[in-house]
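> Have a look at this one.
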Amino acid sequence: MKEKVRIAAGQGFWGDLPDAPVRQVQGGPIDYLMLDYLAEVTMSIMQKQKARNPNAGYARDFVALMKEILPTCVDRDIKVIANAGGVNVPGCAAAVHEVAAELGLSDNVRIGIVTGDDILDRIDELLGRGIELRNMDTDEPLALVRNRIQSANAYLGAAPIVAALEQGANVVITGRATDTGLTLGPLIHEFGWPADDWDRLAAGTIAGHIIECGAQCSGGNCQYDWQNIPDLANVGFPIAEASPDGTFVITKHEGTGGCVNVPSVKEQLLYEMGDPHEYITPDCVADFTTIHLAGDGANRVRVFGIKGRPATDSLKVSISYSSGFKAVGTLVYAWPDAYQKAQAADQILRARLARLGLKFEQILTEFVGVNATHGRLSGEPSSDLAEVQLRVGVRANDRAAVERFTKEIAPLILTGPPAVTGFAGGRPKVEEIVAYWPALIPKSEITARVKLLAN
Amino acid sequence: MQIKLTKLAHARSGDKGDTANVGVIALRDEFYPVLVREVTADRVKQHFQGICKGDVERFELPNLGALNFLLYESLGGGGTLSLMTDAQGKTFSTALLRMEIEVSDEEAARLGLN
């Protein structure tokens with residue numbers, strides 16, 4: 001057994017710094033590269049792509065990335081774990097396989113694929129058997145939005161990733177797997193942690209939570225002493241250096257910017273936290289009130305003491321559904337009386353929208369530079385503001401109403417208050433809203449399938 | 001005396017649907033008891049009046065010298081439904097650090113806050 005396993009995070013979300021995974025692979029020793037591509041609504045975008053083209057529906061960026069890093073990964077025996085498969089895991093795997101062949105590495109690359117998360121085709125069958133997939137936030141039954149569903153995926157945990165690694169995979173591609181499972185899987189595989197060793201499973205889960213948002217634990221978006229965080233232009237993405245006993249060190253490659261210190265790790269631990277006593281994943285329930293942190297030299301934080309409890313018998317399901325349309329329009333008003341001008345423009349716009357008789361679910365006006373982020377907590381604005389951005393958003397079930405709204409912004413320039421600019425981008429875009437429906441499903445309903453792609 | 005929370009804590013916030021979470025972390029270990037005493041769920045609810053339309057729930061993490069707050073019904077529907085600039089509640093962190101809290105002169109002196 002290895003004494004230490006180093007898992008490097010390469011993407012905090014689909015669209016994160018493109019070079020980050022390359023730098024993780026080339027910048028120093030690592031054993032695994034972990035890549036998280038799937039945000040909550042990403043799956044619906046991928047379902048749409050797949051509907052147009054049966055070969056699409058996964059993160060294409062991942063394939064381009066593999067072309068760049070596979071030679072180094074093979075050379076240094078770095079395994080890659082990614083949930084890049086989206087709603088077409090086999091398609092993604094085939095594309096990576098092709099890349100490996102182009103590079104002459106077919107014999108060295110063994111691709112493991114994990115499926116079974118996609119339940120879009122099973123919704124009616126599940127509802128028919130009384131599995132209501134109620135919304136975890138609102139408790140409404142899924143039947144309410146049944147005919148607007150675009151994607152439905154259960155979150156798989158670490159177990160199928162472990163199975164793929166046991167079969168000899170050195171690239172594991174999944175669909176909707178938990179972010180934390182991408183880190184925990186390799187640790188279970190390397191250290192042979194038993195399936196009921198809840199403390200260690202919780203430790204691996206928390207290691208995953210700390211690094212899953214990329215540089216957000218290594219100096220990015222860090223409030224603590226932010227002015228003195230060095231060289232963010234060259235920010236190092238995080239690496240979890242784990243030991244068989246379940247303790248681990250968060251660090252980053254030598255010579256990179258940013259910082260890994262106790263405050264930077266604490267900030268990430270608290271990110272998107274619910275009840276800290278129970279961080280529920282398919283693999284275990286982790287207790288964040290048992291985490292201990294200690295500095296361990298420059299850019300190293302030791303994490304220890306973590307306790308966990310048995311996993312629940314449910315999996316979370318992420319369902320996306322179409323929920324109307326929205327658009328946001330902006331204009332910029334300059335000194336003097338910038339705020340008053342923006343307020344007057346808003347009144348004029350609203351009067352015109354009312355006269356048109358358009359029905360909106362919501363109209364929201366914000367004044368950027370005055371109150372857009374902190375609302376009334378910002379206090380009274382200075383009377384001498386250099387400029388204020390008027391930002392008006394509308395939402396409606398009727399696309400035509402939103403479309404009409406987008407035609408009312410530019411005319412304000414010639415028909416409203418003076419000293420107005422900032423309309424370079426043309427009419428605002430109408431966006432279809434794809435909303436998110438979180439639900440639970442009994443674990444017994446979901447069977448993960450694992451296989452190794454034949455060379 | 002009144003003191004701004006930003007002198008005692010740093011913070012990070014995020015979202016889960018229409019709920020914003022704000023993690024508040026003591027800048028020094030000895031500030032944590034002051035946070036526990038002063039930054040109550042009620043005070044936070046009052047602070048975010050008009051912004052947070054639901055309840056506020058507080059969790060203590062003494063191991064990290066931190067408090068976690070859940071602010072329900074705060075993000076204009078949340079996720080992709082929200083029309084807000086800050087639909088993900090990313091700036092609720094510093095919004096909370098604007099809070100004024102009460103510290104006695106004696107305590108302020110002891111904690112080196114003068």
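Every chain in the structure tokens has a letter given in the order shown (A, B, ...), and although residue numbers restart at 1 in each chain, ligands are simply numbered from 1 in the order shown.
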Give me, as a PDB file with C-alpha atoms, in the first residue's frame, the contact residues of chain B against chain A at a cut-off of 7 Å, counting only C-alpha atoms.

```
ATOM      1  CA  HIS B  10     -14.074  36.739   7.765  1.00  0.00           C
ATOM      2  CA  ALA B  11     -16.770  34.924   5.844  1.00  0.00           C
ATOM      3  CA  ARG B  12     -17.800  32.974   2.766  1.00  0.00           C
ATOM      4  CA  SER B  13     -21.289  32.517   1.373  1.00  0.00           C
ATOM      5  CA  GLY B  14     -22.991  30.380  -1.232  1.00  0.00           C
ATOM      6  CA  ASP B  15     -26.359  28.983  -2.230  1.00  0.00           C
ATOM      7  CA  LYS B  16     -28.560  25.909  -2.119  1.00  0.00           C
ATOM      8  CA  ASN B  21     -25.534  30.073   3.468  1.00  0.00           C
ATOM      9  CA  GLY B  23     -20.123  30.934   7.084  1.00  0.00           C
ATOM     10  CA  PHE B  59     -25.087  26.169  13.493  1.00  0.00           C
ATOM     11  CA  LEU B  61     -18.601  24.920  14.640  1.00  0.00           C
ATOM     12  CA  ASN B  63     -13.689  23.312  16.052  1.00  0.00           C
ATOM     13  CA  LEU B  64     -13.274  25.889  13.272  1.00  0.00           C
ATOM     14  CA  LEU B  70     -28.837  29.384   6.579  1.00  0.00           C
ATOM     15  CA  THR B  80     -31.565  29.997 -12.742  1.00  0.00           C
ATOM     16  CA  LEU B  81     -35.004  31.361 -11.729  1.00  0.00           C
ATOM     17  CA  LEU B  83     -33.198  37.698 -11.645  1.00  0.00           C
ATOM     18  CA  THR B  85     -27.225  40.082  -9.824  1.00  0.00           C
ATOM     19  CA  ASP B  86     -26.172  37.913  -6.911  1.00  0.00           C
ATOM     20  CA  THR B  91     -21.833  38.555  -1.551  1.00  0.00           C
ATOM     21  CA  ALA B  95     -23.174  41.912   3.705  1.00  0.00           C
TER      22      ALA B  95
END
```
> Based on DSSP run over this structure's backbone, return all residues of region 32-95 of chain B in strand (DSSP E or B), as a VMD selection string.
chain B and resid 56 to 61 66 to 71
> As an exercise, work out the distance from CA of Pro336 (chain A) to CA of Ile51 (chain B) in Å and give it to one decimal place.
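A separation of 29.1 Å between them.
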> Using DSSP assignments from the backbone, pull out every residue in region 199-305 of chain A that falls under alpha helix (DSSP H) and give it to me as a ChimeraX atom specification.
/A:199-211,262-270
> If we count only C-alpha atoms, what is near region 153-157 of chain A at a cut-off of 6 Å, once residues fewer than 4 positions away on the same chain are taken out, given as a PDB file with C-alpha atoms, in the first residue's frame?

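Generated output (selection.pdb):
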```
ATOM      1  CA  ASP A 117     -27.200   7.527 -13.048  1.00  0.00           C
ATOM      2  CA  ASP A 118     -29.499   8.625 -15.882  1.00  0.00           C
ATOM      3  CA  ILE A 119     -33.149   7.993 -14.951  1.00  0.00           C
ATOM      4  CA  ARG A 176     -23.608  12.419 -12.556  1.00  0.00           C
ATOM      5  CA  ALA A 177     -21.235  11.392  -9.765  1.00  0.00           C
ATOM      6  CA  THR A 178     -20.800  13.446  -6.610  1.00  0.00           C
ATOM      7  CA  GLY A 181     -16.830  10.724  -4.756  1.00  0.00           C
ATOM      8  CA  PRO A 282     -24.034   8.404  -1.095  1.00  0.00           C
ATOM      9  CA  ASP A 283     -20.945   7.113   0.743  1.00  0.00           C
ATOM     10  CA  LYS A 316     -30.082  12.505  -4.282  1.00  0.00           C
ATOM     11  CA  VAL A 317     -31.581  13.007  -7.730  1.00  0.00           C
ATOM     12  CA  SER A 318     -31.011  16.130  -9.754  1.00  0.00           C
TER      13      SER A 318
END
```
> Excluding Leu111 (chain B) and its own-chain neighbours fewer than 3 positions away, which residues fall within 12 Å of it when counting only C-alpha atoms? Please give them as a PyMOL selection string.
chain B and resi 7-8+27-34+103-108+114
> Taking only C-alpha atoms into account, name the residue in A:Arg134, A:Arg300, A:Lys50, A:Lys407 that is nearest to Leu353 (chain A).
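When distances to Leu353 (chain A) are compared using only C-alpha atoms, the smallest one comes from A:Lys407.
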> So which residues touch Trp335 (chain A) within 9 Å, counting only C-alpha atoms, skipping near sequence neighbours fewer than 3 positions away, as a ChimeraX atom specification?
/A:338-339,384-388,419
> Would you save the residues from that selection as a short mmCIF file (atom, residue, chain, number, x, y, z; two decimals), in the first residue's frame, using C-alpha atoms?

```
data_model
loop_
_atom_site.label_atom_id
_atom_site.label_comp_id
_atom_site.auth_asym_id
_atom_site.auth_seq_id
_atom_site.Cartn_x
_atom_site.Cartn_y
_atom_site.Cartn_z
CA ALA A 338 -26.83 59.47 -11.84
CA TYR A 339 -28.99 57.52 -9.34
CA ASP A 384 -22.08 62.58 -6.15
CA LEU A 385 -21.90 59.10 -7.76
CA ALA A 386 -19.89 59.05 -10.99
CA GLU A 387 -22.32 56.61 -12.62
CA VAL A 388 -25.05 54.09 -11.85
CA ALA A 419 -26.28 61.25 -19.94
#
```
